[in-house]
>>> print(open('data.csv').read())   # CSV, C-alpha atoms and all ligand atoms
chain,number,residue,atom,x,y,z
A,924,MET,CA,-21.2,15.2,-11.5
A,925,ASN,CA,-24.2,13.0,-10.7
A,926,HIS,CA,-24.5,9.6,-12.2
A,927,SER,CA,-27.6,7.6,-13.0
A,928,PRO,CA,-28.4,4.3,-11.3
A,929,ASP,CA,-27.2,2.2,-14.2
A,930,GLN,CA,-23.8,3.7,-13.9
A,931,THR,CA,-22.3,1.0,-11.8
A,932,ARG,CA,-18.8,0.6,-13.1
A,933,VAL,CA,-15.5,2.1,-11.9
A,934,LEU,CA,-12.2,2.1,-13.8
A,935,VAL,CA,-9.2,2.0,-11.4
A,936,LEU,CA,-5.9,3.4,-12.8
A,937,ASN,CA,-2.6,3.0,-11.2
A,938,SER,CA,-0.2,5.0,-13.3
A,939,GLY,CA,3.4,4.3,-12.3
A,940,SER,CA,6.6,5.8,-13.9
A,941,SER,CA,7.0,2.8,-16.2
A,942,SER,CA,3.7,1.0,-16.2
A,943,VAL,CA,0.0,1.6,-16.1
A,944,LYS,CA,-2.2,-1.0,-14.3
A,945,TYR,CA,-5.9,-1.0,-14.7
A,946,GLN,CA,-9.0,-2.8,-13.5
A,947,LEU,CA,-12.7,-2.3,-14.4
A,948,LEU,CA,-15.0,-3.2,-11.5
A,949,ASP,CA,-18.7,-3.6,-11.3
A,950,MET,CA,-19.7,-2.0,-8.0
A,951,THR,CA,-23.0,-3.8,-7.6
A,952,ASP,CA,-21.0,-6.9,-6.5
A,953,GLY,CA,-17.4,-5.8,-6.6
A,954,SER,CA,-16.7,-8.2,-9.5
A,955,ARG,CA,-13.8,-7.6,-11.9
A,956,LEU,CA,-14.8,-7.1,-15.5
A,957,ALA,CA,-11.4,-6.5,-16.9
A,958,ALA,CA,-7.8,-6.1,-15.7
A,959,GLY,CA,-4.4,-5.5,-17.3
A,960,ILE,CA,-1.1,-3.8,-17.3
A,961,VAL,CA,0.7,-1.8,-19.9
A,962,GLU,CA,4.5,-2.0,-19.2
A,963,ARG,CA,7.6,-0.4,-20.4
A,964,VAL,CA,6.0,3.1,-20.7
A,965,GLY,CA,8.6,5.5,-22.0
A,966,GLU,CA,10.1,2.9,-24.3
A,967,GLY,CA,9.6,2.0,-28.0
A,968,GLU,CA,5.9,1.1,-28.7
A,969,VAL,CA,4.6,3.0,-25.6
A,970,PRO,CA,6.5,6.3,-25.7
A,971,ASP,CA,4.5,8.1,-22.9
A,972,HIS,CA,1.4,7.9,-20.7
A,973,THR,CA,-0.9,9.2,-23.4
A,974,ALA,CA,0.1,6.1,-25.5
A,975,ALA,CA,-0.3,3.9,-22.5
A,976,LEU,CA,-3.8,5.1,-21.7
A,977,ASP,CA,-4.7,4.8,-25.4
A,978,ARG,CA,-3.7,1.2,-25.1
A,979,VAL,CA,-5.7,0.7,-22.0
A,980,SER,CA,-8.7,2.2,-23.8
A,981,GLY,CA,-8.1,-0.1,-26.8
A,982,GLU,CA,-7.9,-3.2,-24.6
A,983,LEU,CA,-11.2,-2.3,-22.9
A,984,SER,CA,-12.9,-1.5,-26.2
A,985,ALA,CA,-11.8,-4.9,-27.6
A,986,GLN,CA,-13.8,-6.5,-24.8
A,987,GLY,CA,-16.8,-4.3,-25.4
A,988,LEU,CA,-16.0,-2.4,-22.2
A,989,GLY,CA,-14.7,0.9,-23.8
A,990,LEU,CA,-14.2,4.2,-21.9
A,991,ASP,CA,-17.2,5.5,-23.8
A,992,SER,CA,-19.5,3.0,-22.0
A,993,PRO,CA,-22.5,4.7,-20.4
A,994,ALA,CA,-22.2,2.3,-17.5
A,995,LEU,CA,-19.0,3.9,-16.3
A,996,ALA,CA,-19.6,6.0,-13.2
A,997,ALA,CA,-16.1,7.3,-12.5
A,998,VAL,CA,-12.3,6.7,-12.8
A,999,GLY,CA,-10.5,6.1,-9.5
A,1000,HIS,CA,-6.8,7.0,-9.5
A,1001,ARG,CA,-4.2,5.7,-7.1
A,1002,VAL,CA,-2.1,8.7,-6.0
A,1003,VAL,CA,0.8,7.9,-3.8
A,1004,HIS,CA,1.4,11.1,-1.8
A,1005,GLY,CA,-1.4,13.3,-0.4
A,1006,GLY,CA,0.8,15.2,2.0
A,1007,THR,CA,-1.2,16.8,4.9
A,1008,ARG,CA,-3.6,18.4,2.4
A,1009,PHE,CA,-5.5,15.2,1.2
A,1010,THR,CA,-6.8,12.9,3.9
A,1011,GLU,CA,-9.9,11.6,2.0
A,1012,PRO,CA,-10.7,10.4,-1.5
A,1013,THR,CA,-11.0,13.6,-3.5
A,1014,LEU,CA,-12.9,14.6,-6.6
A,1015,ILE,CA,-10.3,15.9,-9.1
A,1016,THR,CA,-10.6,19.5,-10.3
A,1017,ASP,CA,-8.0,21.8,-11.8
A,1018,ASP,CA,-7.2,23.1,-8.3
A,1019,VAL,CA,-6.9,19.6,-6.8
A,1020,LEU,CA,-4.5,18.6,-9.6
A,1021,ALA,CA,-2.4,21.7,-9.0
A,1022,GLU,CA,-2.2,20.8,-5.3
A,1023,ILE,CA,-1.2,17.2,-6.1
A,1024,GLU,CA,1.5,18.6,-8.4
A,1025,LYS,CA,2.8,20.7,-5.5
A,1026,LEU,CA,3.5,17.5,-3.6
A,1027,VAL,CA,5.9,16.1,-6.2
A,1028,PRO,CA,9.0,17.0,-4.2
A,1029,LEU,CA,7.7,14.6,-1.4
A,1030,ALA,CA,7.2,11.8,-3.9
A,1031,PRO,CA,9.4,12.5,-6.9
A,1032,LEU,CA,9.3,8.9,-8.1
A,1033,HIS,CA,5.5,8.4,-8.0
A,1034,ASN,CA,3.4,11.6,-8.0
A,1035,PRO,CA,4.5,12.8,-11.5
A,1036,ALA,CA,3.3,9.6,-13.2
A,1037,ASN,CA,0.1,9.7,-11.1
A,1038,VAL,CA,-0.6,13.3,-12.2
A,1039,THR,CA,0.1,12.5,-15.9
A,1040,GLY,CA,-2.3,9.5,-15.7
A,1041,VAL,CA,-5.1,11.8,-14.3
A,1042,LYS,CA,-4.5,14.4,-17.0
A,1043,VAL,CA,-4.7,11.9,-19.8
A,1044,ALA,CA,-7.8,10.2,-18.4
A,1045,ARG,CA,-9.5,13.6,-18.1
A,1046,THR,CA,-8.9,14.3,-21.8
A,1047,LEU,CA,-10.2,10.9,-22.8
A,1048,ARG,CA,-13.5,11.4,-20.9
A,1049,PRO,CA,-13.8,15.0,-19.8
A,1050,ASP,CA,-17.4,14.5,-18.6
A,1051,LEU,CA,-16.5,11.6,-16.2
A,1052,PRO,CA,-15.8,12.2,-12.5
A,1053,GLN,CA,-12.2,11.4,-11.7
A,1054,VAL,CA,-11.3,10.6,-8.1
A,1055,ALA,CA,-7.9,10.6,-6.4
A,1056,VAL,CA,-7.4,7.9,-3.7
A,1057,PHE,CA,-4.2,8.5,-1.7
A,1058,ASP,CA,-1.8,5.9,-0.3
A,1059,THR,CA,-1.2,8.2,2.6
A,1060,ALA,CA,-4.8,9.0,3.5
A,1061,PHE,CA,-5.6,6.2,5.9
A,1062,HIS,CA,-2.7,7.2,8.1
A,1063,ALA,CA,-3.7,10.8,8.5
A,1064,THR,CA,-5.4,9.9,11.7
A,1065,MET,CA,-2.1,9.1,13.4
A,1066,PRO,CA,-1.8,11.2,16.5
A,1067,GLU,CA,0.7,14.1,16.2
A,1068,TYR,CA,3.1,12.4,18.6
A,1069,ALA,CA,3.3,9.4,16.2
A,1070,ALA,CA,3.5,11.5,13.0
A,1071,ARG,CA,6.3,13.8,14.4
A,1072,TYR,CA,10.0,13.1,14.1
A,1073,ALA,CA,11.9,14.5,17.1
A,1074,ILE,CA,13.7,17.2,15.1
A,1075,ASP,CA,13.5,21.0,15.1
A,1076,VAL,CA,9.9,21.8,14.5
A,1077,ASP,CA,10.4,24.9,12.3
A,1078,THR,CA,12.7,23.0,9.9
A,1079,ALA,CA,10.4,20.0,9.9
A,1080,ASP,CA,7.4,22.1,9.0
A,1081,ARG,CA,9.2,24.2,6.4
A,1082,TYR,CA,10.1,21.1,4.4
A,1083,GLY,CA,7.1,18.8,5.3
A,1084,VAL,CA,9.4,16.4,7.1
A,1085,ARG,CA,7.0,14.2,9.1
A,1086,ARG,CA,5.6,10.7,9.0
A,1087,TYR,CA,2.9,10.1,6.4
A,1088,GLY,CA,2.8,6.4,5.9
A,1089,PHE,CA,2.0,4.5,2.7
A,1090,HIS,CA,0.1,1.3,1.5
A,1091,GLY,CA,-2.9,3.0,3.2
A,1092,THR,CA,-5.6,1.5,0.9
A,1093,SER,CA,-4.3,-1.9,1.7
A,1094,HIS,CA,-4.2,-1.3,5.5
A,1095,ALA,CA,-7.7,0.1,5.3
A,1096,TYR,CA,-9.1,-2.8,3.3
A,1097,VAL,CA,-7.4,-5.5,5.4
A,1098,SER,CA,-8.3,-4.0,8.8
A,1099,ARG,CA,-11.9,-4.1,7.7
A,1100,ALA,CA,-11.7,-7.5,6.0
A,1101,VAL,CA,-10.2,-9.1,9.1
A,1102,ALA,CA,-13.2,-7.8,11.1
A,1103,ASP,CA,-15.6,-9.3,8.5
A,1104,LEU,CA,-13.7,-12.6,8.8
A,1105,LEU,CA,-14.2,-12.6,12.6
A,1106,GLY,CA,-17.8,-11.5,12.3
A,1107,LYS,CA,-17.0,-8.4,14.4
A,1108,ASP,CA,-17.5,-4.7,13.9
A,1109,VAL,CA,-14.3,-3.0,12.9
A,1110,THR,CA,-14.9,-0.3,15.6
A,1111,ASP,CA,-14.6,-3.0,18.3
A,1112,LEU,CA,-11.3,-4.4,17.1
A,1113,ASN,CA,-7.6,-3.5,17.7
A,1114,THR,CA,-5.6,-4.9,14.8
A,1115,ILE,CA,-2.0,-5.1,13.7
A,1116,VAL,CA,-1.7,-5.4,9.9
A,1117,LEU,CA,1.5,-6.6,8.3
A,1118,HIS,CA,1.5,-5.8,4.6
A,1119,LEU,CA,4.5,-7.8,3.3
A,1120,GLY,CA,5.0,-7.4,-0.4
A,1121,ASN,CA,8.1,-6.3,-2.2
A,1122,GLY,CA,7.5,-3.1,-0.3
A,1123,ALA,CA,6.5,-3.8,3.3
A,1124,SER,CA,4.8,-1.9,6.1
A,1125,ALA,CA,3.0,-2.5,9.4
A,1126,SER,CA,0.1,-0.6,10.9
A,1127,ALA,CA,-1.7,-0.4,14.3
A,1128,VAL,CA,-5.4,0.1,13.8
A,1129,ALA,CA,-7.6,0.9,16.8
A,1130,GLY,CA,-11.3,0.5,16.2
A,1131,GLY,CA,-10.8,1.1,12.5
A,1132,VAL,CA,-8.6,4.1,13.0
A,1133,CYS,CA,-4.9,4.0,12.1
A,1134,VAL,CA,-2.8,5.1,15.1
A,1135,GLU,CA,0.7,4.1,13.9
A,1136,THR,CA,2.4,2.8,10.8
A,1137,SER,CA,6.0,1.9,9.9
A,1138,MET,CA,6.6,3.9,6.8
A,1139,GLY,CA,7.4,7.6,7.2
A,1140,LEU,CA,8.3,10.6,5.1
A,1141,THR,CA,8.8,8.1,2.3
A,1142,PRO,CA,8.3,4.4,2.0
A,1143,LEU,CA,11.9,3.8,3.1
A,1144,GLU,CA,11.3,3.7,6.8
A,1145,GLY,CA,10.4,0.7,8.9
A,1146,LEU,CA,10.4,-3.0,7.9
A,1147,VAL,CA,13.1,-4.8,5.9
A,1148,MET,CA,11.8,-4.9,2.3
A,1149,GLY,CA,12.7,-6.6,-1.0
A,1150,THR,CA,15.2,-3.9,-1.9
A,1151,ARG,CA,14.8,-1.2,0.8
A,1152,SER,CA,16.7,-1.1,4.1
A,1153,GLY,CA,13.9,0.1,6.3
A,1154,ASP,CA,15.0,1.5,9.6
A,1155,LEU,CA,18.6,2.7,9.7
A,1156,ASP,CA,20.7,5.1,11.9
A,1157,PRO,CA,20.5,8.3,9.8
A,1158,ALA,CA,24.2,8.9,10.7
A,1159,ALA,CA,25.0,5.9,8.4
A,1160,ILE,CA,24.1,8.3,5.5
A,1161,PHE,CA,26.6,11.0,6.8
A,1162,HIS,CA,29.2,8.2,7.2
A,1163,LEU,CA,28.7,6.9,3.7
A,1164,ALA,CA,29.0,10.5,2.3
A,1165,ARG,CA,32.0,11.6,4.4
A,1166,VAL,CA,34.0,8.3,4.6
A,1167,GLY,CA,32.6,6.5,1.5
A,1168,GLY,CA,32.6,9.6,-0.7
A,1169,MET,CA,29.1,8.6,-2.0
A,1170,SER,CA,26.7,11.2,-3.4
A,1171,VAL,CA,23.2,11.7,-2.1
A,1172,ASP,CA,21.8,10.1,-5.2
A,1173,GLU,CA,24.1,7.1,-4.8
A,1174,ILE,CA,23.0,6.6,-1.2
A,1175,ASP,CA,19.4,7.0,-2.2
A,1176,ALA,CA,19.8,4.2,-4.8
A,1177,LEU,CA,21.7,2.1,-2.3
A,1178,LEU,CA,19.0,2.3,0.4
A,1179,ASN,CA,16.0,2.1,-1.9
A,1180,LYS,CA,17.2,-0.4,-4.6
A,1181,HIS,CA,20.2,-2.4,-3.4
A,1182,SER,CA,19.3,-3.0,0.3
A,1183,GLY,CA,16.8,-5.1,2.2
A,1184,LEU,CA,16.7,-8.7,1.2
A,1185,ILE,CA,18.5,-8.2,-2.1
A,1186,GLY,CA,21.3,-6.2,-0.3
A,1187,LEU,CA,21.7,-8.9,2.3
A,1188,CYS,CA,21.7,-12.0,0.1
A,1189,GLY,CA,21.3,-11.0,-3.6
A,1190,ASP,CA,17.7,-12.2,-3.9
A,1191,ASN,CA,14.5,-10.2,-3.1
A,1192,ASP,CA,12.0,-13.0,-3.7
A,1193,MET,CA,11.1,-14.9,-0.5
A,1194,ARG,CA,10.5,-18.1,-2.5
A,1195,GLU,CA,14.1,-18.1,-3.8
A,1196,ILE,CA,15.4,-17.2,-0.3
A,1197,GLY,CA,13.5,-20.2,1.2
A,1198,ARG,CA,14.9,-22.5,-1.5
A,1199,ARG,CA,18.5,-21.3,-0.7
A,1200,MET,CA,17.9,-21.7,3.0
A,1201,GLY,CA,16.9,-25.3,2.4
A,1202,GLU,CA,20.3,-25.8,0.8
A,1203,GLY,CA,22.0,-24.4,3.9
A,1204,ASP,CA,22.9,-21.0,2.3
A,1205,ALA,CA,24.1,-18.8,5.2
A,1206,ASP,CA,23.5,-15.4,3.4
A,1207,ALA,CA,19.9,-16.3,2.6
A,1208,GLN,CA,19.4,-17.5,6.2
A,1209,LEU,CA,20.8,-14.2,7.5
A,1210,ALA,CA,18.6,-12.2,5.2
A,1211,PHE,CA,15.6,-14.1,6.5
A,1212,ASP,CA,16.6,-13.7,10.1
A,1213,VAL,CA,17.1,-9.9,9.8
A,1214,TYR,CA,13.7,-9.6,8.0
A,1215,VAL,CA,11.9,-11.6,10.7
A,1216,HIS,CA,13.7,-10.0,13.6
A,1217,ARG,CA,12.6,-6.5,12.4
A,1218,LEU,CA,9.0,-7.7,12.0
A,1219,ARG,CA,9.0,-9.1,15.6
A,1220,LYS,CA,10.2,-5.8,16.9
A,1221,TYR,CA,7.3,-4.1,15.2
A,1222,VAL,CA,4.8,-6.6,16.5
A,1223,GLY,CA,6.0,-6.0,20.0
A,1224,ALA,CA,6.0,-2.3,19.6
A,1225,TYR,CA,2.5,-2.2,18.1
A,1226,THR,CA,1.2,-4.4,20.9
A,1227,ALA,CA,2.4,-1.8,23.3
A,1228,VAL,CA,1.0,1.1,21.2
A,1229,LEU,CA,-2.5,-0.6,21.1
A,1230,GLY,CA,-2.4,-1.8,24.6
A,1231,ARG,CA,-4.8,-4.7,23.7
A,1232,VAL,CA,-4.5,-6.6,20.4
A,1233,ASP,CA,-7.5,-8.5,19.1
A,1234,ALA,CA,-6.3,-9.5,15.7
A,1235,LEU,CA,-3.1,-9.7,13.6
A,1236,ALA,CA,-3.4,-10.0,9.8
A,1237,PHE,CA,-0.7,-11.0,7.3
A,1238,THR,CA,-1.2,-9.7,3.7
A,1239,ALA,CA,0.5,-9.1,0.3
A,1240,GLY,CA,2.8,-11.5,-1.5
A,1241,VAL,CA,5.0,-12.6,1.4
A,1242,GLY,CA,2.3,-12.3,4.1
A,1243,GLU,CA,-0.3,-14.3,2.1
A,1244,ASN,CA,2.1,-17.0,0.9
A,1245,SER,CA,5.1,-17.5,3.2
A,1246,ALA,CA,4.1,-19.8,6.0
A,1247,ALA,CA,7.8,-19.8,7.1
A,1248,VAL,CA,7.8,-16.0,7.6
A,1249,ARG,CA,4.5,-16.1,9.5
A,1250,GLU,CA,5.6,-18.9,11.8
A,1251,ALA,CA,9.0,-17.4,12.5
A,1252,THR,CA,7.5,-13.9,13.1
A,1253,LEU,CA,5.2,-15.1,15.9
A,1254,ARG,CA,7.2,-18.0,17.3
A,1255,GLY,CA,7.4,-17.9,21.1
A,1256,LEU,CA,5.0,-15.0,21.4
A,1257,GLY,CA,2.5,-16.9,23.5
A,1258,GLY,CA,3.3,-14.4,26.2
A,1259,LEU,CA,1.7,-11.7,24.0
A,1260,GLY,CA,-1.3,-13.9,23.4
A,1261,MET,CA,-0.3,-14.8,19.9
A,1262,GLU,CA,-0.1,-18.5,19.0
A,1263,VAL,CA,0.1,-19.8,15.5
A,1264,ASP,CA,-1.5,-23.2,14.7
A,1265,THR,CA,1.3,-24.8,12.6
A,1266,VAL,CA,-1.1,-27.1,10.7
A,1267,ARG,CA,-3.5,-24.2,9.8
A,1268,ASN,CA,-0.6,-22.0,8.9
A,1269,ALA,CA,0.8,-24.5,6.5
A,1270,LEU,CA,-2.5,-25.0,4.6
A,1271,ARG,CA,-2.7,-23.0,1.4
A,1272,GLY,CA,-5.8,-21.1,0.5
A,1273,SER,CA,-7.0,-18.2,-1.6
A,1274,GLY,CA,-9.4,-16.4,0.7
A,1275,GLY,CA,-9.1,-14.9,4.2
A,1276,ARG,CA,-8.4,-17.6,6.9
A,1277,LEU,CA,-7.5,-18.0,10.5
A,1278,ILE,CA,-4.2,-19.5,11.4
A,1279,SER,CA,-4.2,-19.1,15.2
A,1280,THR,CA,-4.9,-21.9,17.7
A,1281,GLU,CA,-8.2,-22.0,19.5
A,1282,ARG,CA,-6.6,-20.7,22.7
A,1283,SER,CA,-4.7,-17.8,21.1
A,1284,ALA,CA,-6.0,-14.6,22.6
A,1285,VAL,CA,-5.2,-12.8,19.4
A,1286,ALA,CA,-6.9,-14.0,16.2
A,1287,ILE,CA,-4.1,-14.4,13.7
A,1288,ALA,CA,-5.3,-14.3,10.1
A,1289,VAL,CA,-4.1,-14.4,6.5
A,1290,VAL,CA,-6.1,-11.8,4.5
A,1291,PRO,CA,-5.6,-11.3,0.8
A,1292,THR,CA,-5.4,-7.6,0.1
A,1293,ASP,CA,-7.3,-5.9,-2.8
A,1294,GLU,CA,-6.1,-2.4,-3.3
A,1295,GLU,CA,-8.0,-1.9,-6.6
A,1296,LEU,CA,-11.3,-2.9,-5.0
A,1297,GLU,CA,-10.7,-0.5,-2.1
A,1298,ILE,CA,-9.9,2.3,-4.6
A,1299,ALA,CA,-13.0,1.5,-6.6
A,1300,THR,CA,-15.2,1.3,-3.4
A,1301,GLN,CA,-13.9,4.7,-2.1
A,1302,THR,CA,-14.4,6.3,-5.6
A,1303,TYR,CA,-17.9,4.9,-6.0
A,1304,ARG,CA,-18.9,6.0,-2.5
A,1305,LEU,CA,-17.7,9.5,-3.2
A,1306,VAL,CA,-19.5,9.9,-6.6
A,1307,SER,CA,-22.6,8.2,-5.2
A,1308,ALA,CA,-22.7,10.5,-2.2
A,1309,GLU,CA,-22.7,13.5,-4.5
A,1310,ARG,CA,-26.0,12.3,-5.9
A,1311,PRO,CA,-28.9,13.6,-3.7
A,1312,GLY,CA,-30.8,10.9,-2.0
A,1313,THR,CA,-28.4,8.0,-2.7
A,1314,SER,CA,-26.0,8.3,0.1
A,1315,GLU,CA,-27.0,4.9,1.3
A,1316,ARG,CA,-25.6,3.2,-1.8
B,1,LIG,P1,4.3,-5.7,-4.7
B,1,LIG,O1,4.8,-4.9,-3.5
B,1,LIG,O2,5.2,-5.6,-5.9
B,1,LIG,O3,2.8,-5.5,-4.9
B,1,LIG,P2,3.5,-8.4,-3.9
B,1,LIG,O4,2.6,-8.1,-2.8
B,1,LIG,O5,3.0,-9.0,-5.1
B,1,LIG,O6,4.5,-7.2,-4.2
B,1,LIG,O7,4.6,-9.4,-3.3
B,1,LIG,C1,5.7,-9.8,-4.1
B,1,LIG,C2,6.6,-10.7,-3.2
B,1,LIG,O8,5.8,-11.7,-2.6
B,1,LIG,C3,7.7,-11.4,-4.0
B,1,LIG,O9,8.8,-10.6,-4.2
B,1,LIG,C4,8.0,-12.6,-3.2
B,1,LIG,O10,9.0,-12.3,-2.3
B,1,LIG,C5,6.7,-12.8,-2.4
B,1,LIG,N1,6.0,-14.1,-2.8
B,1,LIG,C6,5.1,-14.2,-3.8
B,1,LIG,N2,4.7,-15.5,-3.8
B,1,LIG,C7,5.3,-16.2,-2.8
B,1,LIG,C8,5.3,-17.5,-2.3
B,1,LIG,N3,4.5,-18.4,-2.9
B,1,LIG,N4,6.1,-17.8,-1.2
B,1,LIG,C9,6.8,-16.8,-0.6
B,1,LIG,N5,6.9,-15.6,-1.1
B,1,LIG,C10,6.1,-15.2,-2.1
>>> encode(input="data.csv", output="structure tokens")
Amino acid sequence: MNHSPDQTRVLVLNSGSSSVKYQLLDMTDGSRLAAGIVERVGEGEVPDHTAALDRVSGELSAQGLGLDSPALAAVGHRVVHGGTRFTEPTLITDDVLAEIEKLVPLAPLHNPANVTGVKVARTLRPDLPQVAVFDTAFHATMPEYAARYAIDVDTADRYGVRRYGFHGTSHAYVSRAVADLLGKDVTDLNTIVLHLGNGASASAVAGGVCVETSMGLTPLEGLVMGTRSGDLDPAAIFHLARVGGMSVDEIDALLNKHSGLIGLCGDNDMREIGRRMGEGDADAQLAFDVYVHRLRKYVGAYTAVLGRVDALAFTAGVGENSAAVREATLRGLGGLGMEVDTVRNALRGSGGRLISTERSAVAIAVVPTDEELEIATQTYRLVSAERPGTSER
């Protein structure tokens, strides 16, 4: 499993049900050597994941960066659900793969494609270490009282019904990046991270350790998202079944694909919603208001969970780009020590930046997330640690 010092590259694979995203990174400086996406897996030219990875391999070879390169140290795979079994990046063996497959009922939309991606990559380079980095892992440190739903314990345990949380690589990366931005040690900082992409989640991170997050058994819980409802009275599901005559699959699709922003106003892109609001569109305005109201509730709740908040970070597509969402989320929260500087907030920028006023007790930041770099870093650290005498790398 050991690699030599000139093996400095990590290939990151994110195998989804209908696409495979890849990035090749050089870990001496974290630079990106190649990146791409193979879409419409399962259709026409790309009938399955074997064909998709063949294409990835071909695209890398065309740039002189083929999978056969001796500089490649490992492949890092994004795996969505690690259950309670996987709380760390894990070297993939036959046993590990079998365990990940056992978690498919918890993530039927994601884990099967992740597993297939791993299997195909292993056949392409059987000698290369393959590492699984789990979306749930960062949240495994949540205290039991935050991870438990208040339902019958035996039933919950029999079916694995508990809060796992997702977007973990992003929350891990951003909570450290905000500490770097502030020139502080992450262990000294209590941070709220708001990952607002098409999927959205919040986390409360105390001294680098996750203590609460908004997604639960699945990514459906919590914030209002592009197409997901987030929090909802579970009895709404019984009501839709009994009174509305809807099937479980229909309700699943309603809550995951036709709710959130798109359910409220027909658009899930915050840019389009902003444009419509500018024209006085009442549906777009309501969607925005519901979205922001939910966020504010979580900011308040996580302030209480942490007791003291030092930093709050906005990240992902909406968090990094929508000054309107950031401003509305924190408007009037001076009482919580959070004060956005409207001029700084309106400035566009590509790197991490502060948007709070000088007197704001909480440092408010915009921090671009980089899940691929985080997966590569965790992967490289694991395969390097396996090499005797190089644990400092
Ligand atoms: P994903 O969850 O798919 O990774 P992203 O983090 O890329 O999503 O976020 C995508 C979302 O970001 C889009 O649906 C859109 O709502 C929002 N977004 C992207 N650019 C902007 C922008 N300039 N202004 C406002 N919202 C934006």
>>> residues_near_ligand(input="data.csv", ligand="ligand LIG 1 (chain B)", cutoff="6 Å", atoms="only C-alpha atoms and all ligand atoms", output="PyMOL selection string")
chain A and resi 1120-1122+1191-1194+1239-1241+1244-1245
>>> closest_residue(input="data.csv", among="A:Gly1272, A:Gly1153, A:Pro1291, A:Gly1260", to="Tyr1221 (chain A)", atoms="all atoms listed in the file")
A:Gly1153
>>> atom_distance(input="data.csv", atom1="CA of Asp949 (chain A)", atom2="CA of Leu976 (chain A)")
20.1 Å
>>> atom_distance(input="data.csv", atom1="CA of Pro1157 (chain A)", atom2="CA of Ser941 (chain A)")
29.8 Å
>>> closest_residue(input="data.csv", among="A:Val933, A:Val1147, A:Ile1278, A:Val1002", to="Val1213 (chain A)", atoms="only C-alpha atoms")
A:Val1147
>>> residues_around(input="data.csv", residues="Arg932 (chain A)", least_positions_apart="3", cutoff="8 Å", atoms="all atoms listed in the file", output="ChimeraX atom specification")
/A:947-950,994-997
>>> residues_around(input="data.csv", residues="Ile1115 (chain A)", least_positions_apart="4", cutoff="6 Å", atoms="all atoms listed in the file", output="PDB file with C-alpha atoms, keeping the file's coordinate frame")
ATOM      1  CA  SER A1126       0.100  -0.600  10.900  1.00  0.00           C
ATOM      2  CA  ALA A1127      -1.700  -0.400  14.300  1.00  0.00           C
ATOM      3  CA  LEU A1235      -3.100  -9.700  13.600  1.00  0.00           C
TER       4      LEU A1235
END
>>> residues_around(input="data.csv", residues="Thr1046 (chain A)", least_positions_apart="4", cutoff="12 Å", atoms="all atoms listed in the file", output="PDB file with C-alpha atoms, in the coordinates of the input")
ATOM      1  CA  THR A 973      -0.900   9.200 -23.400  1.00  0.00           C
ATOM      2  CA  LEU A 976      -3.800   5.100 -21.700  1.00  0.00           C
ATOM      3  CA  ASP A 977      -4.700   4.800 -25.400  1.00  0.00           C
ATOM      4  CA  LEU A 990     -14.200   4.200 -21.900  1.00  0.00           C
ATOM      5  CA  THR A1039       0.100  12.500 -15.900  1.00  0.00           C
ATOM      6  CA  GLY A1040      -2.300   9.500 -15.700  1.00  0.00           C
ATOM      7  CA  VAL A1041      -5.100  11.800 -14.300  1.00  0.00           C
ATOM      8  CA  LYS A1042      -4.500  14.400 -17.000  1.00  0.00           C
ATOM      9  CA  ASP A1050     -17.400  14.500 -18.600  1.00  0.00           C
ATOM     10  CA  LEU A1051     -16.500  11.600 -16.200  1.00  0.00           C
ATOM     11  CA  PRO A1052     -15.800  12.200 -12.500  1.00  0.00           C
ATOM     12  CA  GLN A1053     -12.200  11.400 -11.700  1.00  0.00           C
TER      13      GLN A1053
END
>>> closest_residue(input="data.csv", among="A:Leu1026, A:Val1228, A:Ala1210, A:Ala1236", to="Gly1197 (chain A)", atoms="all atoms listed in the file")
A:Ala1210
>>> residues_near_point(input="data.csv", point="(-15.6, -6.4, -11.1)", cutoff="12 Å", atoms="all atoms listed in the file", output="MDAnalysis selection string")
chainID A and resid 931:935 945:958 988 1293 1295:1297 1299:1300
>>> write_last_selection(input="data.csv", atoms="C-alpha atoms", output="short mmCIF file (atom, residue, chain, number, x, y, z; two decimals), in the coordinates of the input")
data_model
loop_
_atom_site.label_atom_id
_atom_site.label_comp_id
_atom_site.auth_asym_id
_atom_site.auth_seq_id
_atom_site.Cartn_x
_atom_site.Cartn_y
_atom_site.Cartn_z
CA THR A 931 -22.30 1.00 -11.80
CA ARG A 932 -18.80 0.60 -13.10
CA VAL A 933 -15.50 2.10 -11.90
CA LEU A 934 -12.20 2.10 -13.80
CA VAL A 935 -9.20 2.00 -11.40
CA TYR A 945 -5.90 -1.00 -14.70
CA GLN A 946 -9.00 -2.80 -13.50
CA LEU A 947 -12.70 -2.30 -14.40
CA LEU A 948 -15.00 -3.20 -11.50
CA ASP A 949 -18.70 -3.60 -11.30
CA MET A 950 -19.70 -2.00 -8.00
CA THR A 951 -23.00 -3.80 -7.60
CA ASP A 952 -21.00 -6.90 -6.50
CA GLY A 953 -17.40 -5.80 -6.60
CA SER A 954 -16.70 -8.20 -9.50
CA ARG A 955 -13.80 -7.60 -11.90
CA LEU A 956 -14.80 -7.10 -15.50
CA ALA A 957 -11.40 -6.50 -16.90
CA ALA A 958 -7.80 -6.10 -15.70
CA LEU A 988 -16.00 -2.40 -22.20
CA ASP A 1293 -7.30 -5.90 -2.80
CA GLU A 1295 -8.00 -1.90 -6.60
CA LEU A 1296 -11.30 -2.90 -5.00
CA GLU A 1297 -10.70 -0.50 -2.10
CA ALA A 1299 -13.00 1.50 -6.60
CA THR A 1300 -15.20 1.30 -3.40
#
>>> closest_residue(input="data.csv", among="A:Ser984, A:Asn1034, A:Ser1279, A:Thr1064", to="Glu1022 (chain A)", atoms="all atoms listed in the file")
A:Asn1034
